[in-house]
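Participant: Just so it is clear, I am handing over query.csv, which has CSV, C-alpha atoms.
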chain,number,residue,atom,x,y,z
A,24,MET,CA,177.7,21.2,146.4
A,25,THR,CA,178.8,24.8,146.9
A,26,GLU,CA,179.1,25.5,150.6
A,27,ASN,CA,178.4,29.2,150.3
A,28,CYS,CA,176.4,30.9,147.6
A,29,LEU,CA,174.0,33.8,147.1
A,30,LEU,CA,171.1,33.4,144.7
A,31,THR,CA,169.3,36.6,143.4
A,32,ALA,CA,166.6,37.3,140.9
A,33,PHE,CA,167.8,38.5,137.5
A,34,PRO,CA,166.5,42.1,137.2
A,35,ALA,CA,163.7,42.5,134.5
A,36,THR,CA,163.1,46.1,135.2
A,37,ASP,CA,165.1,49.1,136.4
A,38,ASP,CA,165.6,49.7,140.1
A,39,GLU,CA,163.5,46.8,141.3
A,40,ALA,CA,164.0,45.1,144.6
A,41,LEU,CA,165.5,41.6,144.1
A,42,TYR,CA,164.6,38.4,145.8
A,43,TRP,CA,167.6,36.6,147.2
A,44,TRP,CA,168.6,33.5,149.1
A,45,HIS,CA,171.8,33.0,151.1
A,46,VAL,CA,172.9,29.4,151.2
A,47,ALA,CA,175.7,28.2,153.6
A,48,ASP,CA,176.6,24.9,155.2
A,49,GLY,CA,174.0,23.1,153.0
A,50,ALA,CA,171.0,25.1,154.1
A,51,VAL,CA,169.2,28.4,153.3
A,52,GLN,CA,170.4,30.7,156.0
A,53,ALA,CA,168.4,33.8,155.1
A,54,TRP,CA,166.2,35.1,152.3
A,55,GLY,CA,164.4,38.3,151.4
A,56,CYS,CA,163.7,41.0,148.8
A,57,ASP,CA,165.8,44.1,148.8
A,58,PRO,CA,167.4,46.6,146.4
A,59,ASP,CA,170.9,45.6,147.7
A,60,PRO,CA,170.9,41.8,148.2
A,61,ILE,CA,174.7,41.8,149.1
A,62,ALA,CA,174.2,44.2,152.1
A,63,ALA,CA,170.8,42.6,153.1
A,64,SER,CA,172.1,39.1,153.1
A,65,GLN,CA,175.4,39.8,154.8
A,66,ALA,CA,176.8,37.0,152.6
A,67,TYR,CA,180.3,38.5,152.8
A,68,GLY,CA,180.2,39.1,156.5
A,69,PRO,CA,180.5,42.3,158.5
A,70,ASN,CA,184.1,43.0,157.5
A,71,ASP,CA,183.5,42.5,153.7
A,72,ALA,CA,186.4,40.0,153.7
A,73,ARG,CA,185.1,38.5,150.4
A,74,PRO,CA,185.1,34.8,151.3
A,75,ASP,CA,184.8,32.2,148.5
A,76,ILE,CA,181.1,32.6,147.6
A,77,SER,CA,179.2,31.6,144.4
A,78,LEU,CA,176.8,34.2,142.9
A,79,ILE,CA,173.9,32.9,140.9
A,80,ALA,CA,171.2,34.9,139.1
A,81,LEU,CA,167.8,33.3,138.3
A,82,VAL,CA,166.1,34.5,135.1
A,83,PRO,CA,162.3,34.8,135.2
A,84,SER,CA,160.6,32.3,132.9
A,85,HIS,CA,159.0,35.0,130.7
A,86,LEU,CA,162.4,36.2,129.6
A,87,THR,CA,163.5,32.8,128.4
A,88,ARG,CA,162.4,30.1,126.0
A,89,ILE,CA,163.2,26.5,126.7
A,90,MET,CA,162.8,23.8,124.1
A,91,GLU,CA,163.5,20.1,123.8
A,92,HIS,CA,165.1,18.7,120.6
A,93,ASP,CA,165.0,15.2,119.4
A,94,ALA,CA,168.2,13.1,119.6
A,95,ILE,CA,170.1,12.9,116.3
A,96,GLU,CA,171.1,9.4,115.4
A,97,GLY,CA,174.9,9.0,114.9
A,98,ALA,CA,175.8,12.5,116.2
A,99,ASN,CA,178.1,12.9,119.1
A,100,GLU,CA,177.3,15.3,122.0
A,101,GLN,CA,179.0,18.4,120.5
A,102,GLN,CA,177.3,17.9,117.1
A,103,ALA,CA,173.9,17.4,118.9
A,104,LEU,CA,174.3,20.6,120.9
A,105,ALA,CA,175.4,22.6,117.9
A,106,ALA,CA,172.4,21.3,115.9
A,107,ALA,CA,170.0,22.2,118.7
A,108,LYS,CA,171.3,25.7,118.9
A,109,ILE,CA,170.9,26.2,115.2
A,110,ALA,CA,167.3,24.9,115.4
A,111,ALA,CA,166.5,27.1,118.4
A,112,LYS,CA,167.9,30.1,116.6
A,113,ALA,CA,165.8,29.4,113.5
A,114,GLU,CA,162.6,29.2,115.6
A,115,SER,CA,163.4,32.4,117.5
A,116,LEU,CA,161.6,35.6,116.5
A,117,GLU,CA,164.8,37.6,117.0
A,118,ASN,CA,167.3,35.1,115.7
A,119,GLU,CA,170.0,37.7,115.2
A,120,ASN,CA,169.7,39.1,118.7
A,121,VAL,CA,169.4,36.0,120.9
A,122,HIS,CA,171.8,34.1,123.2
A,123,ILE,CA,171.3,30.4,123.2
A,124,VAL,CA,172.7,27.7,125.5
A,125,ALA,CA,172.2,24.0,125.2
A,126,ALA,CA,172.6,20.8,127.3
A,127,MET,CA,171.9,17.1,127.1
A,128,ASP,CA,169.4,15.6,129.4
A,129,ASP,CA,169.4,12.1,130.9
A,130,THR,CA,167.3,10.7,128.0
A,131,GLY,CA,169.8,11.8,125.3
A,132,SER,CA,167.6,14.6,124.1
A,133,THR,CA,168.9,18.1,123.9
A,134,ILE,CA,167.4,21.1,125.7
A,135,THR,CA,168.1,24.7,124.7
A,136,ALA,CA,167.4,27.9,126.5
A,137,ALA,CA,167.2,31.2,124.6
A,138,MET,CA,167.3,34.8,125.9
A,139,GLY,CA,167.5,38.1,124.2
A,140,ARG,CA,171.0,39.6,124.2
A,141,ASP,CA,169.7,43.1,125.0
A,142,ALA,CA,167.8,41.9,128.1
A,143,LEU,CA,170.8,39.8,129.2
A,144,SER,CA,173.2,42.7,128.8
A,145,VAL,CA,171.0,45.2,130.6
A,146,GLY,CA,170.2,42.9,133.5
A,147,LEU,CA,173.9,42.0,133.9
A,148,VAL,CA,174.9,45.6,134.0
A,149,GLN,CA,172.2,46.3,136.7
A,150,LEU,CA,173.5,43.4,138.8
A,151,GLN,CA,177.1,44.5,138.5
A,152,ALA,CA,176.1,48.0,139.6
A,153,ARG,CA,174.8,46.4,142.8
A,154,GLY,CA,178.1,44.7,143.3
A,155,ILE,CA,176.9,41.3,141.9
A,156,ASP,CA,178.9,39.7,139.1
A,157,PRO,CA,177.2,36.3,138.9
A,158,ASP,CA,179.1,33.2,138.2
A,159,MET,CA,176.0,31.6,136.7
A,160,ILE,CA,172.8,33.0,135.1
A,161,LEU,CA,170.2,30.2,135.1
A,162,PRO,CA,166.6,30.0,134.0
A,163,ALA,CA,164.6,29.9,137.3
A,164,GLY,CA,162.5,27.0,135.9
A,165,SER,CA,165.6,24.8,135.3
A,166,LEU,CA,165.9,24.4,139.1
A,167,LEU,CA,162.6,22.5,139.3
A,168,PRO,CA,163.0,18.7,139.1
A,169,VAL,CA,161.6,16.7,136.2
A,170,ALA,CA,158.5,14.8,137.4
A,171,GLU,CA,158.0,11.2,136.3
A,172,GLU,CA,154.3,11.9,136.2
A,173,GLY,CA,152.5,15.2,136.4
A,174,ALA,CA,154.2,18.5,136.8
A,175,PHE,CA,155.9,20.7,139.4
A,176,SER,CA,155.3,24.3,140.3
A,177,ALA,CA,157.3,26.8,142.4
A,178,ASP,CA,156.8,30.3,143.4
A,179,PHE,CA,160.1,32.3,143.6
A,180,GLY,CA,158.4,35.5,144.5
A,181,PHE,CA,159.5,37.2,141.3
A,182,ASP,CA,158.4,34.3,139.1
A,183,ARG,CA,155.8,31.5,139.3
A,184,VAL,CA,157.0,28.5,137.2
A,185,LEU,CA,155.5,25.2,136.0
A,186,ARG,CA,157.6,22.3,134.7
A,187,ALA,CA,156.5,19.1,133.0
A,188,GLY,CA,159.4,17.3,131.5
A,189,PRO,CA,161.4,19.7,129.3
A,190,VAL,CA,158.5,22.1,129.1
A,191,ILE,CA,159.0,25.1,131.4
A,192,ALA,CA,156.5,28.0,131.4
A,193,THR,CA,155.1,30.8,133.5
A,194,ASP,CA,152.4,29.5,135.9
A,195,ASP,CA,149.7,31.5,134.2
A,196,PRO,CA,146.1,30.2,134.5
A,197,ALA,CA,145.6,30.4,130.8
A,198,LEU,CA,148.8,28.5,130.1
A,199,ARG,CA,148.2,26.0,132.8
A,200,ALA,CA,144.8,25.2,131.3
A,201,PHE,CA,146.3,25.0,127.8
A,202,LEU,CA,149.6,23.1,128.5
A,203,PHE,CA,149.1,21.3,131.7
A,204,ALA,CA,145.3,20.7,131.9
A,205,ASP,CA,145.6,16.9,132.1
A,206,LEU,CA,148.5,16.8,134.5
A,207,THR,CA,148.6,16.8,138.3
A,208,VAL,CA,150.6,19.8,139.4
A,209,LYS,CA,152.6,19.4,142.7
A,210,PRO,CA,153.8,22.7,144.3
A,211,ILE,CA,157.3,22.8,145.7
A,212,THR,CA,157.2,24.6,149.1
A,213,GLY,CA,158.8,24.7,152.5
A,214,ASP,CA,161.8,22.4,153.0
A,215,ASP,CA,161.5,21.1,149.4
A,216,PHE,CA,161.8,24.6,148.1
A,217,ASP,CA,164.8,25.2,150.3
A,218,ALA,CA,166.4,22.0,149.1
A,219,MET,CA,165.8,23.1,145.5
A,220,ILE,CA,167.5,26.4,146.2
A,221,VAL,CA,170.5,24.6,147.9
A,222,GLY,CA,170.9,22.4,144.9
A,223,ALA,CA,171.0,25.3,142.4
A,224,PRO,CA,174.8,25.3,141.9
A,225,GLU,CA,174.5,21.7,140.5
A,226,LYS,CA,171.9,22.9,137.9
A,227,ASP,CA,174.6,24.6,135.8
A,228,SER,CA,174.0,23.0,132.4
A,229,LEU,CA,171.9,25.9,131.1
A,230,ASN,CA,174.2,28.7,132.1
A,231,PHE,CA,173.8,31.9,130.1
A,232,ARG,CA,177.3,33.1,131.3
A,233,SER,CA,178.9,31.6,128.2
A,234,GLY,CA,180.3,32.9,124.9
A,235,PRO,CA,180.3,36.7,124.8
A,236,PHE,CA,178.7,36.8,128.3
A,237,ALA,CA,181.2,34.5,129.9
A,238,LYS,CA,182.5,35.8,133.2
A,239,LYS,CA,186.0,37.4,133.1
A,240,THR,CA,188.0,35.6,135.8
A,241,GLN,CA,190.8,37.3,137.7
A,242,ARG,CA,193.8,35.1,138.5
A,243,THR,CA,194.4,35.2,142.2
A,244,MET,CA,196.7,33.2,144.4
A,245,ALA,CA,195.6,31.3,147.4
A,246,ALA,CA,197.6,31.7,150.7
A,247,LYS,CA,199.1,28.2,150.2
A,248,GLU,CA,200.3,29.1,146.7
A,249,LYS,CA,201.8,32.4,148.0
A,250,ARG,CA,203.7,30.5,150.6
A,251,LEU,CA,204.9,28.0,148.1
A,252,LEU,CA,206.0,30.9,145.8
A,253,GLY,CA,207.8,32.5,148.7
A,254,TRP,CA,209.6,29.3,149.5
A,255,MET,CA,210.6,28.9,145.8
A,256,VAL,CA,212.0,32.4,145.7
A,257,ALA,CA,213.9,31.8,148.9
A,258,ALA,CA,215.3,28.6,147.5
A,259,LEU,CA,216.3,30.4,144.3
A,260,VAL,CA,218.1,33.1,146.3
A,261,ALA,CA,219.8,30.4,148.4
A,262,ILE,CA,220.9,28.5,145.3
A,263,THR,CA,222.1,31.7,143.6
A,264,LEU,CA,224.3,32.5,146.7
A,265,ALA,CA,225.4,28.9,147.1
A,266,ILE,CA,226.8,28.6,143.6
A,267,PRO,CA,229.6,31.2,143.9
A,268,LEU,CA,230.4,29.9,147.5
A,269,VAL,CA,230.7,26.4,146.2
A,270,LEU,CA,232.9,27.5,143.3
A,271,LEU,CA,235.0,29.6,145.8
A,272,ALA,CA,235.5,26.5,148.0
A,273,LYS,CA,236.3,24.4,145.0
A,274,TYR,CA,238.9,26.9,143.8
A,275,HIS,CA,240.3,27.1,147.3
A,276,TRP,CA,240.6,23.3,147.6
A,277,ALA,CA,242.2,23.1,144.1
A,278,ALA,CA,244.7,25.9,145.0
A,279,SER,CA,245.5,24.1,148.3
A,280,ALA,CA,246.0,20.8,146.3
A,281,ALA,CA,248.3,22.6,143.8
A,282,ASP,CA,250.3,24.2,146.6
A,283,GLU,CA,250.7,20.8,148.3
A,284,GLY,CA,251.7,19.2,145.0
A,285,ALA,CA,254.3,22.0,144.3
A,286,MET,CA,255.8,21.7,147.8
A,287,ALA,CA,256.0,17.9,147.4
A,288,ASN,CA,257.9,18.4,144.1
A,289,ALA,CA,260.1,21.1,145.6
A,290,ALA,CA,260.9,18.9,148.6
A,291,THR,CA,262.7,16.5,146.3
A,292,ILE,CA,265.1,19.3,145.3
A,293,VAL,CA,265.4,21.7,148.3
A,294,GLY,CA,264.0,19.6,151.1
A,295,GLU,CA,261.0,20.1,153.3
A,296,GLN,CA,259.8,23.7,153.5
A,297,ALA,CA,257.3,25.5,155.8
A,298,ASP,CA,255.2,27.0,153.1
A,299,PRO,CA,255.1,27.7,149.3
A,300,GLN,CA,256.9,31.0,149.7
A,301,SER,CA,259.8,29.4,151.5
A,302,ALA,CA,260.0,26.7,148.9
A,303,GLU,CA,260.1,29.4,146.1
A,304,ARG,CA,262.9,31.3,147.8
A,305,ALA,CA,264.9,28.1,148.3
A,306,LEU,CA,264.5,27.2,144.6
A,307,ASP,CA,265.7,30.7,143.6
A,308,GLN,CA,268.8,30.3,145.7
A,309,ARG,CA,269.4,26.9,144.2
A,310,LEU,CA,269.1,28.3,140.7
A,311,ILE,CA,271.4,31.2,141.5
A,312,ALA,CA,274.0,28.8,143.0
A,313,GLU,CA,273.9,26.7,139.8
A,314,ASN,CA,273.9,29.8,137.5
A,315,ARG,CA,270.4,29.3,136.4
A,316,GLY,CA,267.1,31.0,136.9
A,317,ASN,CA,267.0,34.8,136.5
A,318,ILE,CA,270.8,35.1,136.2
A,319,MET,CA,270.9,32.8,133.1
A,320,PHE,CA,272.1,34.5,130.0
A,321,PRO,CA,268.8,34.6,128.1
A,322,VAL,CA,267.0,36.7,130.7
A,323,PRO,CA,269.1,39.9,130.7
A,324,ALA,CA,270.1,39.4,127.0
A,325,SER,CA,266.5,39.3,125.8
A,326,ALA,CA,265.7,42.4,127.9
A,327,LEU,CA,268.7,44.2,126.2
A,328,PHE,CA,267.7,43.3,122.7
A,329,SER,CA,264.0,44.2,123.4
A,330,ALA,CA,265.1,47.6,124.6
A,331,LEU,CA,267.2,48.2,121.5
A,332,GLN,CA,264.2,47.3,119.3
A,333,GLN,CA,262.4,50.3,120.7
A,334,VAL,CA,265.0,52.9,119.7
A,335,PRO,CA,266.3,53.5,116.1
A,336,ASN,CA,269.9,54.2,115.1
A,337,VAL,CA,271.4,52.4,118.2
A,338,SER,CA,273.6,49.3,117.6
A,339,ILE,CA,275.5,47.0,119.8
A,340,THR,CA,279.2,46.6,119.0
A,341,ARG,CA,280.3,44.3,121.8
A,342,MET,CA,278.7,41.9,124.2
A,343,ALA,CA,280.0,39.6,126.9
A,344,TYR,CA,278.5,37.4,129.7
A,345,GLY,CA,280.0,36.6,133.1
A,346,GLU,CA,279.3,33.6,135.4
A,347,ASN,CA,277.9,36.1,137.9
A,348,GLY,CA,274.9,36.7,135.5
A,349,ILE,CA,276.0,40.2,134.4
A,350,ILE,CA,276.0,41.1,130.7
A,351,SER,CA,278.5,43.7,129.6
A,352,ALA,CA,278.0,45.4,126.2
A,353,THR,CA,278.9,48.5,124.2
A,354,LEU,CA,276.2,50.5,122.5
A,355,SER,CA,276.9,52.9,119.6
A,356,ALA,CA,274.9,55.8,118.2
A,357,VAL,CA,275.3,59.2,116.7
A,358,ARG,CA,274.5,61.0,119.9
A,359,ASN,CA,274.4,59.9,123.6
A,360,GLU,CA,270.7,61.1,123.7
A,361,ASP,CA,269.9,58.4,121.2
A,362,ILE,CA,271.2,55.7,123.6
A,363,ASN,CA,269.3,57.0,126.7
A,364,PRO,CA,265.8,55.6,125.8
A,365,ALA,CA,267.2,52.1,125.6
A,366,LEU,CA,268.8,52.4,129.0
A,367,ILE,CA,265.5,53.8,130.5
A,368,ALA,CA,263.6,50.9,129.0
A,369,LEU,CA,265.9,48.4,130.7
A,370,GLN,CA,265.5,50.2,134.0
A,371,GLU,CA,261.7,50.2,133.7
A,372,ALA,CA,261.8,46.5,133.0
A,373,GLY,CA,263.4,46.1,136.5
A,374,PHE,CA,267.0,45.3,135.4
A,375,VAL,CA,270.0,46.8,137.2
A,376,ILE,CA,272.3,48.7,134.8
A,377,THR,CA,275.4,50.8,134.7
A,378,ALA,CA,276.4,53.0,131.8
A,379,THR,CA,279.7,54.9,131.0
A,380,PRO,CA,279.4,57.2,128.0
A,381,ARG,CA,282.4,57.9,125.8
A,382,THR,CA,283.3,59.0,122.2
A,383,ASP,CA,285.3,56.8,119.8
A,384,ALA,CA,287.9,57.9,117.3
A,385,THR,CA,285.2,58.5,114.6
A,386,GLY,CA,283.2,60.8,116.9
A,387,SER,CA,280.3,58.4,117.4
A,388,ALA,CA,278.7,58.3,120.8
A,389,GLN,CA,279.3,55.0,122.7
A,390,ALA,CA,278.2,53.7,126.1
A,391,ASP,CA,279.8,50.8,128.0
A,392,ILE,CA,276.9,49.2,130.0
A,393,THR,CA,276.3,46.3,132.3
A,394,VAL,CA,272.9,44.6,132.7
A,395,ARG,CA,272.0,42.4,135.6
A,396,ALA,CA,268.8,40.6,136.4
A,397,PRO,CA,267.0,41.8,139.6
Just give me the structure of the file as C-alpha cells.

Facilitator:
Amino acid sequence: MTENCLLTAFPATDDEALYWWHVADGAVQAWGCDPDPIAASQAYGPNDARPDISLIALVPSHLTRIMEHDAIEGANEQQALAAAKIAAKAESLENENVHIVAAMDDTGSTITAAMGRDALSVGLVQLQARGIDPDMILPAGSLLPVAEEGAFSADFGFDRVLRAGPVIATDDPALRAFLFADLTVKPITGDDFDAMIVGAPEKDSLNFRSGPFAKKTQRTMAAKEKRLLGWMVAALVAITLAIPLVLLAKYHWAASAADEGAMANAATIVGEQADPQSAERALDQRLIAENRGNIMFPVPASALFSALQQVPNVSITRMAYGENGIISATLSAVRNEDINPALIALQEAGFVITATPRTDATGSAQADITVRAP
C-alpha cells in the first residue's frame, strides 16, 4: 500500500474545483474540493520538499465505458487482453478516437475500460497546469468492490457510481431502475468509503496512463545511490593514483635489487664497495690497470674512423697504438682546412686530441695527431 498519495477528480470541464483526498499512514488525512488540490491538501508540506507521493486521478463514470468480455478458451493472458481491446474498440462509437485499457479479473474474464482520447488529453493538460501529473488515471467506479450479491454505490462528490459485478454505471435513477432494479444496493459511506480511498493505489489494473498517455518518468538518484556513486568515484580516484605509486615502488625495488646484484658481482673483482658509484670507479681503475675499458684500442680507433667518414678527401696514412691507450696517426688532405672538421668531430665526441700540421714533399697537407679516450 502506498503510504502517501493524493487522489483528485479528473476534470471534466474547464476551471472546475476538484474533489481531493490526501492519504498518509494508511488513513485519509484530509479531503475537500478546491481549484488547487495541491495547495489545499498540503500534501507536499509547507516547504514544498516534494516527498515521495503518488498522484491518482479518478475519472467520472460518464466519461468511461467499462465492459466484461468472456474468457477465450486456449488463449493466454496477453492474447485475451488483446482480443478484449479489439472487441471494445469495435463496439465503441468513436473507435478511431478511443483509448482502451484491459485487465483480467479473478474469474478469468477480461474487463476493458474505454475513454475518448480528446477528453483524456484535455483533462490531463488541465491537471498538469495545476501541478498534478498523475501516476495513475483510474475509472472512479473501479475502486468499488465487487459484491457477491447485490450491488455497491458510492458518492465521490463529483460522481455517483453503482457497481454490480463488472457493470459500472452512473447512479442515475433511470439507470438504477433499468440495470439494478432486482438488486439490493449497499452504499459505501463513512469509514468504508475512507478504506476504499486508501486502497485506491492497489486498484491499478485499469490505468489509462498507458500507451501514448504513459507518464514520462525522470531518472533521479536517491541519497543512498548518490553516496554509493561518490564512494565509487573516490575509489576510482584512489586506484588511479595508487597504480603509478605501486609501479614506482616496484621500479624502485627492482632498481635496488639490480644495484645489489651489480655490487655483489663487482665485489668478486674489486672487493666490497660502499655504493654502486664507488664500485664503478673501482672497476674503471681495474680496467685501466689492465689496459682495458676506455683505453682499449677499439674505443679511440672507432671514434677516429667515425670522424673521418664525416669529411671527404681526408685519408689516414699512418696509425699506431701505445700501451697507454693513445693512438697516433697521420692524416693527409689537399689543405689543412679539410682536416679540421675531423679533428672537431673527435673533440665533440669527448676525446682528447693533439694535432701538428705540416706539408709533405708533394705539397699535400698532413697532420700528425694523437687520440686518447677521456

Participant: Using only C-alpha atoms, determine which residues lie at most 12 Å from Ile123 (chain A), disregarding the query and same-chain residues fewer than 4 positions distant; provide the list as a ChimeraX atom specification.

Facilitator: /A:87-90,104-115,117-119,134-140,143,161-162,229-236

Participant: Can you pull out every residue within 7 Å of region 185-189 of chain A, counting all atoms listed in the file, but drop anything in the same chain fewer than 6 positions away, and send it as number ranges by chain?

Facilitator: A: 90-91, 164, 167, 169-170, 173-177

Participant: Would you mind reading off the distance between CA of Ala388 (chain A) and CA of Ala343 (chain A), one decimal, in Å?

Facilitator: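 CA of Ala388 (chain A) sits 19.7 Å away from CA of Ala343 (chain A).
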
Participant: From the set A:Gly222, A:Thr385, A:Ala352, A:Leu327, which residue has the shortest atom-to-atom contact distance to Ala365 (chain A), counting all atoms listed in the file?

Facilitator: A:Leu327

Participant: Tell me which protein, DNA and RNA residues are within 9 Å of Ala103 (chain A), counting only C-alpha atoms, leaving out same-chain ones fewer than 4 positions away, and put them as number ranges by chain.

Facilitator: A: 94-95, 98-99, 107-108, 127, 132-133

Participant: Find the residues around Leu78 (chain A) up to 10 Å (all atoms listed in the file counted), leave out those fewer than 6 positions away in its own chain, and share them as a VMD selection string.

Facilitator: chain A and resid 27 to 31 45 155 to 160 224

Participant: Counting only C-alpha atoms, which residue out of A:Glu360, A:Val121, A:Val46, A:Ala278 sits closest to Ile76 (chain A)?

Facilitator: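 Of A:Glu360, A:Val121, A:Val46, A:Ala278, the one nearest Ile76 (chain A) is A:Val46, counting only C-alpha atoms.
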
Participant: Can you find the residues with an atom no farther than 12 Å from (155.7, 26.6, 145.9), counting only C-alpha atoms, and report them as number ranges by chain?

Facilitator: A: 167, 175-180, 182-185, 194, 208-217, 219-220

Participant: Quick check, in Å to one decimal: how far apart do CA of Val145 (chain A) and CA of Leu198 (chain A) lie?

Facilitator: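 Between these atoms lies a distance of 27.8 Å.
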
Participant: Could you state the separation of CA of Met286 (chain A) and CA of Ala302 (chain A) in Å, given to one decimal place?

Facilitator: 6.6 Å

Participant: Contacts of Gly154 (chain A) at 12 Å or less, counting only C-alpha atoms, minus same-chain residues fewer than 4 places along, as a PyMOL selection string?

Facilitator: chain A and resi 31+58-62+67+71+73+78+147-150

Participant: Name the closest residue to Lys226 (chain A) among the candidates A:Leu166, A:Val269, A:Leu251, A:Ala324; distances are taken between atoms, counting all atoms listed in the file.

Facilitator: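 Closest residue, counting all atoms listed in the file: A:Leu166.
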
Participant: Please check which residues have atoms at most 10 Å from (161.2, 45.5, 132.9) in the file's coordinates, counting all atoms listed in the file, and write them as a list in words.

Facilitator: Pro34, Ala35, Thr36, Asp37, Asp38, Glu39, Leu86, Ala142 and Gly146 of chain A
